[in-house]
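Colleague: Input file: run.cif. Contents: mmCIF, C-alpha atoms.
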data_query
#
loop_
_atom_site.label_atom_id
_atom_site.label_comp_id
_atom_site.auth_asym_id
_atom_site.auth_seq_id
_atom_site.Cartn_x
_atom_site.Cartn_y
_atom_site.Cartn_z
CA MET C 1 4.15 -27.40 1.09
CA ARG C 2 3.80 -23.73 1.97
CA HIS C 3 0.45 -22.00 1.79
CA ARG C 4 0.39 -19.91 -1.40
CA ILE C 5 -0.95 -16.34 -1.05
CA VAL C 6 -1.31 -14.41 -4.29
CA VAL C 7 -1.98 -10.66 -4.26
CA LEU C 8 -3.32 -9.21 -7.50
CA GLY C 9 -2.33 -5.58 -7.93
CA ALA C 10 0.21 -3.41 -6.11
CA GLY C 11 -1.66 -0.15 -5.69
CA TYR C 12 -2.85 1.62 -2.57
CA ALA C 13 -4.47 -1.58 -1.31
CA GLY C 14 -2.26 -4.35 -2.68
CA ALA C 15 1.26 -3.12 -1.99
CA PRO C 16 0.83 -2.32 1.74
CA ALA C 17 -1.29 -5.45 2.20
CA ALA C 18 1.44 -7.70 0.80
CA GLY C 19 4.01 -6.09 3.07
CA TYR C 20 1.81 -6.44 6.13
CA LEU C 21 1.23 -10.11 5.39
CA ALA C 22 4.97 -10.65 4.90
CA ARG C 23 5.65 -9.05 8.26
CA HIS C 24 3.20 -11.22 10.18
CA LEU C 25 3.25 -14.63 8.48
CA HIS C 26 6.13 -17.06 8.86
CA THR C 27 8.02 -17.88 5.68
CA ASP C 28 8.25 -21.55 6.71
CA ASP C 29 4.50 -21.86 6.24
CA PHE C 30 3.55 -19.15 3.75
CA GLU C 31 4.75 -17.79 0.42
CA ILE C 32 3.48 -14.47 -0.95
CA THR C 33 3.40 -13.52 -4.62
CA VAL C 34 2.41 -10.07 -5.88
CA VAL C 35 1.30 -9.72 -9.50
CA ASN C 36 1.43 -6.25 -11.02
CA ALA C 37 1.50 -5.03 -14.60
CA GLU C 38 4.00 -2.21 -13.98
CA PRO C 39 7.37 -2.29 -12.22
CA ASP C 40 6.59 0.84 -10.18
CA PHE C 41 4.10 1.70 -7.50
CA VAL C 42 1.83 4.31 -9.08
CA GLU C 43 0.64 7.21 -6.95
CA ARG C 44 -2.77 7.37 -8.53
CA MET C 45 -3.75 10.44 -6.52
CA ARG C 46 -0.96 12.33 -8.29
CA LEU C 47 -1.64 11.22 -11.86
CA HIS C 48 -3.36 14.49 -12.75
CA GLN C 49 -0.08 16.18 -11.78
CA LEU C 50 1.87 13.80 -14.00
CA ALA C 51 -0.48 14.52 -16.90
CA ALA C 52 -0.13 18.27 -16.39
CA GLY C 53 3.65 18.06 -16.71
CA GLN C 54 5.11 17.33 -13.28
CA ASP C 55 7.70 14.59 -12.84
CA LEU C 56 6.84 12.21 -10.02
CA ARG C 57 9.27 10.22 -7.95
CA ARG C 58 9.57 6.58 -8.97
CA TYR C 59 9.03 3.81 -6.43
CA GLN C 60 10.24 0.53 -7.88
CA LEU C 61 8.33 -2.43 -6.45
CA ALA C 62 11.41 -4.66 -6.61
CA GLU C 63 13.18 -2.28 -4.25
CA LEU C 64 10.16 -1.86 -1.99
CA PHE C 65 9.80 -5.61 -1.55
CA ALA C 66 13.53 -6.37 -1.31
CA GLY C 67 14.33 -8.48 1.74
CA THR C 68 10.69 -9.19 2.55
CA GLY C 69 10.46 -12.62 0.95
CA ILE C 70 7.71 -11.37 -1.35
CA ARG C 71 7.94 -12.65 -4.90
CA LEU C 72 7.12 -9.99 -7.50
CA ARG C 73 5.64 -11.14 -10.80
CA LEU C 74 5.49 -8.39 -13.43
CA ALA C 75 2.60 -9.35 -15.66
CA ARG C 76 -0.98 -8.45 -16.50
CA VAL C 77 -3.75 -10.41 -14.85
CA THR C 78 -5.92 -11.66 -17.70
CA ALA C 79 -8.23 -14.14 -15.95
CA VAL C 80 -9.14 -15.65 -12.61
CA ASN C 81 -10.60 -19.14 -12.26
CA ALA C 82 -12.10 -19.17 -8.79
CA GLU C 83 -13.23 -22.79 -9.00
CA GLN C 84 -9.76 -24.09 -9.85
CA ARG C 85 -7.99 -21.51 -7.67
CA ARG C 86 -5.66 -20.18 -10.31
CA VAL C 87 -4.87 -16.91 -12.05
CA ALA C 88 -3.79 -16.32 -15.65
CA VAL C 89 -0.96 -13.80 -15.99
CA THR C 90 0.47 -12.53 -19.26
CA ASP C 91 3.81 -10.90 -20.04
CA GLY C 92 6.08 -10.61 -23.08
CA GLU C 93 6.84 -14.31 -22.96
CA GLY C 94 3.25 -15.49 -22.97
CA THR C 95 0.58 -16.58 -20.50
CA GLU C 96 0.90 -18.87 -17.51
CA TRP C 97 -1.39 -19.95 -14.69
CA LEU C 98 -0.50 -19.26 -11.05
CA GLU C 99 -2.16 -21.45 -8.46
CA TYR C 100 -3.15 -20.08 -5.09
CA ASP C 101 -4.50 -21.22 -1.75
CA THR C 102 -5.54 -17.71 -0.71
CA LEU C 103 -6.16 -14.86 -3.13
CA LEU C 104 -6.24 -11.15 -2.30
CA TYR C 105 -7.84 -9.33 -5.23
CA THR C 106 -6.86 -5.65 -5.40
CA LEU C 107 -6.86 -4.84 -9.12
CA GLY C 108 -8.53 -1.49 -8.57
CA SER C 109 -10.46 0.36 -11.24
CA THR C 110 -10.14 2.32 -14.44
CA ALA C 111 -12.07 5.13 -16.13
CA ALA C 112 -15.75 4.39 -16.73
CA ASP C 113 -16.83 5.25 -20.28
CA HIS C 114 -20.54 4.65 -19.48
CA GLY C 115 -20.98 3.36 -23.01
CA VAL C 116 -20.61 6.84 -24.50
CA PRO C 117 -19.58 6.58 -28.18
CA GLY C 118 -16.13 7.87 -28.98
CA VAL C 119 -14.69 7.85 -25.46
CA ASN C 120 -12.31 4.95 -26.04
CA GLU C 121 -11.29 6.22 -29.47
CA HIS C 122 -10.87 9.93 -28.83
CA ALA C 123 -10.70 10.73 -25.10
CA PHE C 124 -7.84 10.65 -22.60
CA HIS C 125 -8.02 9.80 -18.91
CA VAL C 126 -5.84 9.82 -15.78
CA ALA C 127 -6.90 6.55 -14.13
CA GLY C 128 -3.56 4.88 -14.90
CA GLN C 129 0.03 5.93 -15.44
CA PRO C 130 0.28 5.04 -19.16
CA ALA C 131 -2.95 6.95 -19.80
CA ALA C 132 -1.71 9.99 -17.88
CA LEU C 133 1.51 9.98 -19.89
CA ARG C 134 -0.46 9.85 -23.15
CA LEU C 135 -2.41 12.91 -22.06
CA ARG C 136 0.81 14.66 -21.09
CA GLN C 137 2.24 14.01 -24.54
CA ARG C 138 -0.89 15.46 -26.14
CA LEU C 139 -0.71 18.57 -23.98
CA ASP C 140 2.95 18.97 -24.94
CA GLU C 141 1.91 18.83 -28.59
CA LEU C 142 -0.62 21.61 -28.03
CA GLY C 143 1.99 23.84 -26.44
CA GLU C 144 0.51 27.22 -25.51
CA ASN C 145 -2.43 27.06 -27.88
CA GLY C 146 -5.44 24.83 -27.68
CA THR C 147 -8.49 23.82 -25.70
CA VAL C 148 -8.83 21.05 -23.15
CA LEU C 149 -12.23 19.68 -22.15
CA VAL C 150 -12.51 17.78 -18.87
CA VAL C 151 -15.69 15.71 -18.60
CA GLY C 152 -16.96 15.00 -15.10
CA GLY C 153 -17.77 16.74 -11.84
CA ASN C 154 -16.10 14.50 -9.27
CA LEU C 155 -12.79 14.86 -7.45
CA THR C 156 -10.67 13.60 -10.33
CA ALA C 157 -12.30 15.95 -12.81
CA ILE C 158 -11.90 18.97 -10.52
CA GLU C 159 -8.28 18.21 -9.71
CA THR C 160 -7.40 17.54 -13.34
CA ALA C 161 -9.03 20.72 -14.63
CA THR C 162 -7.39 22.99 -12.06
CA GLU C 163 -3.98 21.32 -12.32
CA ILE C 164 -3.85 21.68 -16.09
CA ALA C 165 -5.11 25.25 -15.92
CA GLU C 166 -2.43 26.19 -13.40
CA SER C 167 0.45 24.28 -15.03
CA ARG C 168 -0.37 25.26 -18.62
CA PRO C 169 -1.92 28.76 -18.52
CA GLY C 170 -1.76 29.10 -22.30
CA LEU C 171 -4.42 26.43 -22.73
CA GLN C 172 -8.14 27.12 -22.39
CA VAL C 173 -9.60 24.58 -19.96
CA THR C 174 -13.31 23.76 -19.97
CA LEU C 175 -15.22 21.42 -17.70
CA ALA C 176 -18.55 19.79 -18.52
CA THR C 177 -20.56 18.03 -15.83
CA SER C 178 -23.97 16.40 -15.92
CA GLY C 179 -24.91 18.01 -12.63
CA GLU C 180 -23.97 21.07 -10.62
CA LEU C 181 -20.24 21.58 -10.12
CA GLY C 182 -19.46 20.82 -6.49
CA GLY C 183 -23.14 20.50 -5.66
CA TRP C 184 -22.32 17.76 -3.16
CA LEU C 185 -20.02 20.09 -1.18
CA GLY C 186 -21.02 22.28 1.73
CA PRO C 187 -21.86 25.92 0.87
CA LYS C 188 -18.50 27.34 2.00
CA ALA C 189 -16.52 24.69 0.17
CA ARG C 190 -18.53 25.11 -3.03
CA SER C 191 -18.08 28.88 -2.99
CA HIS C 192 -14.34 28.39 -2.61
CA LEU C 193 -14.34 25.88 -5.48
CA LEU C 194 -16.14 28.26 -7.83
CA ARG C 195 -13.76 31.08 -6.95
CA ALA C 196 -10.82 28.84 -7.78
CA PHE C 197 -12.31 27.97 -11.17
CA ASP C 198 -12.82 31.68 -11.86
CA ARG C 199 -9.24 32.42 -10.84
CA PHE C 200 -7.90 29.80 -13.24
CA GLY C 201 -10.24 30.89 -16.01
CA VAL C 202 -11.85 27.44 -16.32
CA VAL C 203 -15.12 27.60 -18.25
CA VAL C 204 -17.85 25.43 -16.70
CA HIS C 205 -20.81 23.82 -18.45
CA GLU C 206 -23.24 22.53 -15.81
CA HIS C 207 -26.08 20.08 -16.51
CA ALA C 208 -24.29 19.16 -19.72
CA THR C 209 -24.36 15.41 -20.26
CA ILE C 210 -21.87 14.38 -22.93
CA GLU C 211 -23.45 11.89 -25.33
CA ARG C 212 -20.70 11.63 -27.94
CA VAL C 213 -16.98 12.34 -28.16
CA GLU C 214 -15.30 13.06 -31.48
CA ALA C 215 -11.73 13.88 -32.43
CA ALA C 216 -12.07 17.63 -31.95
CA LYS C 217 -15.31 18.08 -30.03
CA ALA C 218 -17.86 16.64 -27.64
CA VAL C 219 -21.62 16.78 -28.12
CA THR C 220 -24.07 17.17 -25.24
CA ALA C 221 -27.54 15.65 -24.89
CA ASP C 222 -29.19 18.84 -26.14
CA GLY C 223 -26.96 18.97 -29.22
CA THR C 224 -24.51 21.59 -27.96
CA THR C 225 -21.03 21.19 -29.37
CA ILE C 226 -17.99 21.85 -27.18
CA GLY C 227 -14.76 22.14 -29.14
CA SER C 228 -11.73 20.37 -27.74
CA ASP C 229 -8.20 19.61 -28.84
CA ALA C 230 -7.90 17.14 -25.95
CA THR C 231 -10.90 15.65 -24.16
CA VAL C 232 -10.16 14.20 -20.72
CA TRP C 233 -12.75 11.69 -19.55
CA ALA C 234 -13.08 11.84 -15.76
CA ALA C 235 -16.70 10.78 -15.32
CA GLY C 236 -16.21 8.12 -12.68
CA PHE C 237 -14.53 4.74 -12.29
CA ALA C 238 -15.33 1.17 -13.28
CA VAL C 239 -13.78 -2.07 -12.08
CA HIS C 240 -12.07 -4.45 -14.47
CA PRO C 241 -14.37 -7.21 -15.82
CA ILE C 242 -12.04 -9.99 -14.64
CA ALA C 243 -13.87 -10.62 -11.37
CA ALA C 244 -17.26 -10.86 -13.04
CA ALA C 245 -15.92 -13.55 -15.39
CA SER C 246 -14.12 -15.47 -12.65
CA GLY C 247 -17.02 -17.32 -11.03
CA LEU C 248 -16.97 -15.07 -7.97
CA ASP C 249 -20.19 -13.45 -6.79
CA VAL C 250 -20.12 -9.80 -7.86
CA GLU C 251 -22.39 -6.79 -7.71
CA GLY C 252 -24.03 -5.25 -10.76
CA ASN C 253 -21.02 -2.97 -11.25
CA GLY C 254 -18.57 -5.88 -11.17
CA GLN C 255 -17.24 -5.33 -7.65
CA ILE C 256 -16.66 -8.50 -5.64
CA THR C 257 -19.36 -9.13 -3.05
CA VAL C 258 -17.64 -9.48 0.32
CA ASP C 259 -18.65 -9.90 3.94
CA ARG C 260 -17.65 -7.59 6.79
CA THR C 261 -14.10 -8.98 6.77
CA MET C 262 -13.57 -8.48 2.99
CA ARG C 263 -13.99 -12.21 2.33
CA SER C 264 -15.81 -13.31 -0.81
CA VAL C 265 -19.30 -14.51 0.03
CA SER C 266 -19.05 -17.24 -2.61
CA HIS C 267 -15.40 -18.35 -2.33
CA PRO C 268 -13.98 -18.13 1.22
CA GLU C 269 -10.38 -18.46 0.03
CA VAL C 270 -10.73 -15.16 -1.85
CA TYR C 271 -10.54 -11.70 -0.29
CA ALA C 272 -10.89 -8.31 -1.96
CA ALA C 273 -9.89 -4.77 -1.03
CA GLY C 274 -9.86 -1.32 -2.56
CA ASP C 275 -12.01 -0.38 -5.53
CA SER C 276 -12.50 -4.06 -6.41
CA ALA C 277 -14.51 -4.76 -3.25
CA HIS C 278 -18.16 -3.95 -2.61
CA ALA C 279 -17.61 -3.05 1.03
CA ILE C 280 -20.41 -1.73 3.22
CA GLY C 281 -19.33 1.05 5.54
CA GLY C 282 -20.42 1.66 9.09
CA ASN C 283 -23.25 3.86 7.81
CA GLY C 284 -24.76 0.99 5.84
CA GLN C 285 -23.74 2.46 2.49
CA PRO C 286 -21.12 1.10 0.07
CA LEU C 287 -17.72 2.70 0.52
CA PRO C 288 -16.80 4.94 -2.43
CA MET C 289 -13.90 4.07 -4.71
CA SER C 290 -11.06 6.02 -3.12
CA CYS C 291 -7.61 5.80 -1.59
CA ALA C 292 -9.15 6.12 1.88
CA SER C 293 -11.41 3.14 1.25
CA ALA C 294 -8.44 1.18 -0.05
CA GLY C 295 -6.69 1.74 3.26
CA PHE C 296 -9.58 0.63 5.47
CA THR C 297 -10.50 -2.39 3.36
CA ARG C 298 -6.94 -3.70 2.97
CA MET C 299 -6.39 -3.42 6.74
CA GLN C 300 -9.56 -5.44 7.28
CA ALA C 301 -8.64 -7.98 4.60
CA THR C 302 -5.13 -8.59 5.97
CA ALA C 303 -6.46 -8.92 9.51
CA ALA C 304 -8.94 -11.53 8.28
CA ILE C 305 -6.37 -13.44 6.24
CA ILE C 306 -3.91 -13.60 9.13
CA GLY C 307 -6.59 -14.52 11.64
CA ASN C 308 -8.20 -17.20 9.51
CA LEU C 309 -4.91 -18.80 8.47
CA THR C 310 -3.26 -18.77 11.89
CA GLY C 311 -6.25 -19.51 14.11
CA ARG C 312 -6.32 -16.08 15.73
CA ALA C 313 -9.27 -13.82 16.33
CA VAL C 314 -10.07 -11.52 13.43
CA SER C 315 -10.08 -7.90 14.50
CA LYS C 316 -12.59 -5.46 13.01
CA THR C 317 -11.31 -2.38 11.22
CA PRO C 318 -13.69 0.61 11.24
CA LEU C 319 -15.10 1.12 7.76
CA ALA C 320 -15.77 4.82 7.51
CA TYR C 321 -15.54 7.61 4.97
CA LEU C 322 -14.45 10.80 6.68
CA GLY C 323 -14.41 13.33 3.89
CA ASN C 324 -12.96 14.62 0.63
CA CYS C 325 -9.63 16.39 0.21
CA ILE C 326 -9.56 18.08 -3.19
CA SER C 327 -6.51 19.74 -4.70
CA LEU C 328 -7.09 22.96 -6.62
CA GLY C 329 -3.69 23.34 -8.20
CA SER C 330 -0.49 23.21 -6.18
CA LYS C 331 -1.27 25.77 -3.47
CA ASP C 332 -5.01 25.53 -2.91
CA ALA C 333 -7.37 22.79 -1.77
CA ILE C 334 -10.60 21.95 0.02
CA PHE C 335 -10.94 19.47 2.88
CA GLN C 336 -14.65 18.71 3.18
CA LEU C 337 -15.67 16.58 6.17
CA VAL C 338 -18.81 14.45 5.94
CA ASP C 339 -21.20 13.19 8.58
CA GLY C 340 -22.13 9.60 9.39
CA ASP C 341 -24.46 9.48 6.40
CA ALA C 342 -21.69 10.72 4.05
CA ARG C 343 -23.34 14.14 3.69
CA SER C 344 -21.08 17.19 3.58
CA LYS C 345 -20.88 19.20 6.78
CA PRO C 346 -21.47 22.97 6.56
CA GLY C 347 -17.88 23.95 7.27
CA ALA C 348 -14.68 23.00 5.44
CA LEU C 349 -10.97 23.65 5.58
CA ARG C 350 -9.98 25.75 2.57
CA GLY C 351 -6.99 27.33 0.88
CA ARG C 352 -3.36 26.75 1.85
CA PRO C 353 -4.17 24.96 5.14
CA ALA C 354 -6.22 22.40 3.20
CA ALA C 355 -3.41 22.12 0.62
CA ARG C 356 -0.99 21.29 3.44
CA VAL C 357 -3.38 18.61 4.70
CA LYS C 358 -3.60 17.09 1.22
CA ALA C 359 0.18 17.14 0.88
CA ALA C 360 0.51 15.42 4.26
CA VAL C 361 -1.98 12.74 3.20
CA LEU C 362 -0.02 12.09 0.01
CA ARG C 363 3.27 11.87 1.93
CA THR C 364 1.78 9.51 4.52
CA VAL C 365 0.34 7.18 1.91
CA ALA C 366 3.60 7.16 -0.06
CA TRP C 367 5.55 6.42 3.12
CA SER C 368 3.33 3.47 3.99
CA VAL C 369 3.96 2.02 0.53
CA ARG C 370 7.71 2.69 0.63
CA HIS C 371 7.88 0.83 3.95
CA PRO C 372 5.60 -2.13 3.25
CA THR C 373 6.84 -4.21 6.16
CA TYR C 374 7.22 -1.35 8.67
CA GLY C 375 10.62 -2.63 9.72
CA LEU C 376 11.12 -6.36 9.62
CA PRO C 377 11.37 -8.51 11.62
CA ALA C 378 8.10 -8.76 13.50
CA ARG C 379 6.35 -11.63 15.17
CA LYS C 380 5.85 -14.32 12.54
CA HIS C 381 2.72 -16.43 12.92
CA HIS C 382 2.66 -20.03 11.82
CA SER C 383 -0.19 -21.66 9.98
CA ALA C 384 -2.97 -23.04 12.14
CA THR C 385 -2.62 -26.34 10.25
CA ALA C 386 1.16 -26.58 10.62
CA PRO C 387 3.08 -27.58 13.76
CA ASP C 388 4.61 -24.70 15.67
CA PRO C 389 8.35 -25.36 15.94
CA SER C 390 8.50 -23.56 19.25
CA THR C 391 6.21 -26.18 20.84
CA GLU C 392 7.66 -29.32 19.27
CA GLY C 393 8.76 -31.79 21.92
CA VAL C 394 6.90 -29.95 24.68
CA VAL C 395 4.76 -32.21 26.83
CA ALA C 396 1.68 -30.65 28.35
#
Do you think you could lay out the structure here as structure tokens?
Modeller:
Amino acid sequence: MRHRIVVLGAGYAGAPAAGYLARHLHTDDFEITVVNAEPDFVERMRLHQLAAGQDLRRYQLAELFAGTGIRLRLARVTAVNAEQRRVAVTDGEGTEWLEYDTLLYTLGSTAADHGVPGVNEHAFHVAGQPAALRLRQRLDELGENGTVLVVGGNLTAIETATEIAESRPGLQVTLATSGELGGWLGPKARSHLLRAFDRFGVVVHEHATIERVEAAKAVTADGTTIGSDATVWAAGFAVHPIAAASGLDVEGNGQITVDRTMRSVSHPEVYAAGDSAHAIGGNGQPLPMSCASAGFTRMQATAAIIGNLTGRAVSKTPLAYLGNCISLGSKDAIFQLVDGDARSKPGALRGRPAARVKAAVLRTVAWSVRHPTYGLPARKHHSATAPDPSTEGVVA
């Protein structure tokens, strides 16, 4: 019986990881199944563009995985039973359990509501493609008249506010953040950010913690009311609660607790990568939820899976966070490098050069997903517990 590898999620971590495993593990000994709720690979870093009105290229997973031997299961993951090594998946025909021998958990994250009343009922977000399309529909309904409030001060909030302001100049865009807008950036980068907001006419409310969201307004902690025809919640990310209910050891925020090789500390047959993993970087701090972290952690996870299943040494992937690349509309950006302690460096690449860097990053990531096996065939490793056909009959 072949060793069953199940990959949950086909995002920035899951899709390339599945392809890499397919390229390096022999199909005689291993079978790989990818479970994903949507038929397409979603470029999450572009969802603010989709919400603002741009049409993104579709990458169908069935086409990406064609000829790789990967089995694609289109369904939602609704539960994981780590003790029994099985996963519940649900589609239009019902729920079934998939059994696994090795699990790679890459379900990612969604918008964090932080328990604020009214967020789920009245706010939009851009943490998933269906959500981004709902926001786009609402913006279409507003046309050239209306107000949009973006809540948050992180990368997603900044990119969403500037993209909407640029793409839909008839709308008044406001941003509310609990801290100082771009306060974590270096001085040059922050000055550039504030100039961009001024250029787009985005109104900023700093030190404004939103405590309640209603249909046509948001209310801050000091009672200030901010009117809004569409409130976009971009105040951070939260992992899905599936891992916490699975029996796996997790952190307080629900991320799976892993060792240096992305292996669960409680269940060695389970690995995690991307936003789902509580991975400690080379600086001793947890890696932030980001596409960059997804890349480093999935490379480490696949190296560990291949090494542990085939009896080879497990290589170590550097776990670093190099900086932030923030789009400010279609022709402007900031590339802020950070030091070894994840603190912003004084200088930063700004303007069109930074926008070209961001565009190159997006193209590179999309290419890696569109070519999940990097050109089959490659050397296929057999299981460490299975006989190697190339050595059968050979007498030492």
Colleague: Need to verify the contact set: Phe200 (chain C), 9 Å, only C-alpha atoms, exclusion of same-chain residues closer than 5 positions in sequence. Can you return it as a PyMOL selection string?
Modeller: chain C and resi 162+165-166+169+173+195
Colleague: Could you give me, as a PDB file with C-alpha atoms, in the coordinates of the input, the residues within 7 Å of Val151 (chain C), counting all atoms listed in the file and dropping anything in the same chain fewer than 6 positions from it?
Modeller:
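Once written, out-v7.pdb looks like this:
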ATOM      1  CA  ALA C 157     -12.300  15.950 -12.810  1.00  0.00           C
ATOM      2  CA  LEU C 175     -15.220  21.420 -17.700  1.00  0.00           C
ATOM      3  CA  ALA C 176     -18.550  19.790 -18.520  1.00  0.00           C
ATOM      4  CA  THR C 177     -20.560  18.030 -15.830  1.00  0.00           C
ATOM      5  CA  VAL C 232     -10.160  14.200 -20.720  1.00  0.00           C
ATOM      6  CA  TRP C 233     -12.750  11.690 -19.550  1.00  0.00           C
ATOM      7  CA  ALA C 234     -13.080  11.840 -15.760  1.00  0.00           C
ATOM      8  CA  ALA C 235     -16.700  10.780 -15.320  1.00  0.00           C
TER       9      ALA C 235
END
Colleague: Which residues of region 71-190 of chain C have any atom within 9 Å of an atom in region 23-37 of chain C when counting all atoms listed in the file, and what is the closest pair of atoms for each, with the distance in Å to one decimal? Order the rows by chain and rising number and write it as CSV.
Modeller:
residue,atom,partner,partner_atom,distance
C:Arg71,CA,C:Thr33,CA,4.6
C:Leu72,CA,C:Val34,CA,5.0
C:Arg73,CA,C:Val35,CA,4.7
C:Leu74,CA,C:Asn36,CA,5.2
C:Ala75,CA,C:Ala37,CA,4.6
C:Arg76,CA,C:Ala37,CA,4.6
C:Val77,CA,C:Val35,CA,7.4
C:Val89,CA,C:Val35,CA,8.0
C:Thr90,CA,C:Ala37,CA,8.9
C:Asp91,CA,C:Ala37,CA,8.3
C:Leu107,CA,C:Asn36,CA,8.6
Colleague: Within 10 Å of Glu121 (chain C), counting all atoms listed in the file, which residues qualify if same-chain residues fewer than 3 places away don't, as a ChimeraX atom specification?
Modeller: /C:117-118,124,213-215
Colleague: Interatomic distance between CA of Thr224 (chain C) and CA of Gln137 (chain C)?
Modeller: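 One can read the CA of Thr224 (chain C) to CA of Gln137 (chain C) distance as 28.0 Å.
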Colleague: Box along x, y and z, 3 Å on every side, all listed atoms of region 324-343 of chain C inside: centre and edge lengths in Å to one decimal, as JSON.
Modeller:
{"center_x": -12.5, "center_y": 17.6, "center_z": 0.6, "size_x": 30.0, "size_y": 22.3, "size_z": 23.6}
Colleague: Once the PyMOL selection byres ((chain C and resi 239) around 10) has been evaluated on this model, what residues remain selected, and can you format them as a PyMOL selection string?
Modeller: chain C and resi 107-112+237-238+240-244+253-256+275-277+289
Colleague: Written as a list in words, what is the full residue list that the PyMOL selection byres ((chain C and resi 359) around 12) yields on the file shown?
Modeller: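 Here the PyMOL selection byres ((chain C and resi 359) around 12) matches Met45, Arg46, Cys325, Ile326, Ser327, Leu328, Gly329, Ser330, Lys331, Asp332, Ala333, Ile334, Phe335, Arg352, Pro353, Ala354, Ala355, Arg356, Val357, Lys358, Ala360, Val361, Leu362, Arg363, Thr364, Val365 and Ala366 of chain C.
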Colleague: Have a look at C:Glu159, C:Asp55, C:Glu63, C:Asp101 and name the one nearest to Leu309 (chain C); count all atoms listed in the file.
Modeller: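 Using all atoms listed in the file, the shortest distance to Leu309 (chain C) belongs to C:Asp101.
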Colleague: Have a look at CA of Ser167 (chain C) and CA of Gly53 (chain C) and let me know their distance in Å, one decimal.
Modeller: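 These atoms are spaced 7.2 Å apart.
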Colleague: Please write as a list in words the full residue list that the PyMOL selection byres ((chain C and resi 116) around 9) yields on this file.
Modeller: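 Against this file, the PyMOL selection byres ((chain C and resi 116) around 9) returns the residues Asp113, His114, Gly115, Pro117, Gly118, Val119, Asn120, Ile210, Glu211, Arg212 and Val213 of chain C.
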Colleague: How would region 285-300 of chain C look with N, CA and C atoms restored, written as a JSON list (two decimals), in the frame of the given file?
Modeller:
[["chain", "number", "residue", "atom", "x", "y", "z"],
["C", 285, "GLN", "N", -23.86, 2.14, 3.90],
["C", 285, "GLN", "CA", -23.74, 2.46, 2.49],
["C", 285, "GLN", "C", -22.43, 1.92, 1.94],
["C", 286, "PRO", "N", -22.38, 1.58, 0.65],
["C", 286, "PRO", "CA", -21.12, 1.10, 0.07],
["C", 286, "PRO", "C", -20.03, 2.18, 0.17],
["C", 287, "LEU", "N", -18.82, 1.76, 0.50],
["C", 287, "LEU", "CA", -17.72, 2.70, 0.52],
["C", 287, "LEU", "C", -17.42, 3.17, -0.90],
["C", 288, "PRO", "N", -17.13, 4.46, -1.08],
["C", 288, "PRO", "CA", -16.80, 4.94, -2.43],
["C", 288, "PRO", "C", -15.44, 4.44, -2.87],
["C", 289, "MET", "N", -15.22, 4.41, -4.19],
["C", 289, "MET", "CA", -13.90, 4.07, -4.71],
["C", 289, "MET", "C", -12.96, 5.22, -4.39],
["C", 290, "SER", "N", -11.96, 4.96, -3.55],
["C", 290, "SER", "CA", -11.06, 6.02, -3.12],
["C", 290, "SER", "C", -9.85, 5.41, -2.45],
["C", 291, "CYS", "N", -8.80, 6.24, -2.31],
["C", 291, "CYS", "CA", -7.61, 5.80, -1.59],
["C", 291, "CYS", "C", -7.94, 5.50, -0.13],
["C", 292, "ALA", "N", -8.79, 6.33, 0.48],
["C", 292, "ALA", "CA", -9.15, 6.12, 1.88],
["C", 292, "ALA", "C", -9.83, 4.77, 2.07],
["C", 293, "SER", "N", -10.75, 4.43, 1.17],
["C", 293, "SER", "CA", -11.41, 3.14, 1.25],
["C", 293, "SER", "C", -10.43, 2.00, 1.05],
["C", 294, "ALA", "N", -9.46, 2.21, 0.16],
["C", 294, "ALA", "CA", -8.44, 1.18, -0.05],
["C", 294, "ALA", "C", -7.69, 0.88, 1.24],
["C", 295, "GLY", "N", -7.40, 1.93, 2.01],
["C", 295, "GLY", "CA", -6.69, 1.74, 3.26],
["C", 295, "GLY", "C", -7.50, 0.94, 4.28],
["C", 296, "PHE", "N", -8.74, 1.33, 4.50],
["C", 296, "PHE", "CA", -9.58, 0.63, 5.47],
["C", 296, "PHE", "C", -9.83, -0.82, 5.06],
["C", 297, "THR", "N", -10.15, -1.04, 3.79],
["C", 297, "THR", "CA", -10.50, -2.39, 3.36],
["C", 297, "THR", "C", -9.29, -3.32, 3.33],
["C", 298, "ARG", "N", -8.11, -2.81, 2.98],
["C", 298, "ARG", "CA", -6.94, -3.70, 2.97],
["C", 298, "ARG", "C", -6.52, -4.03, 4.40],
["C", 299, "MET", "N", -6.69, -3.09, 5.35],
["C", 299, "MET", "CA", -6.39, -3.42, 6.74],
["C", 299, "MET", "C", -7.33, -4.51, 7.26],
["C", 300, "GLN", "N", -8.61, -4.41, 6.86],
["C", 300, "GLN", "CA", -9.56, -5.44, 7.28],
["C", 300, "GLN", "C", -9.25, -6.77, 6.61]]
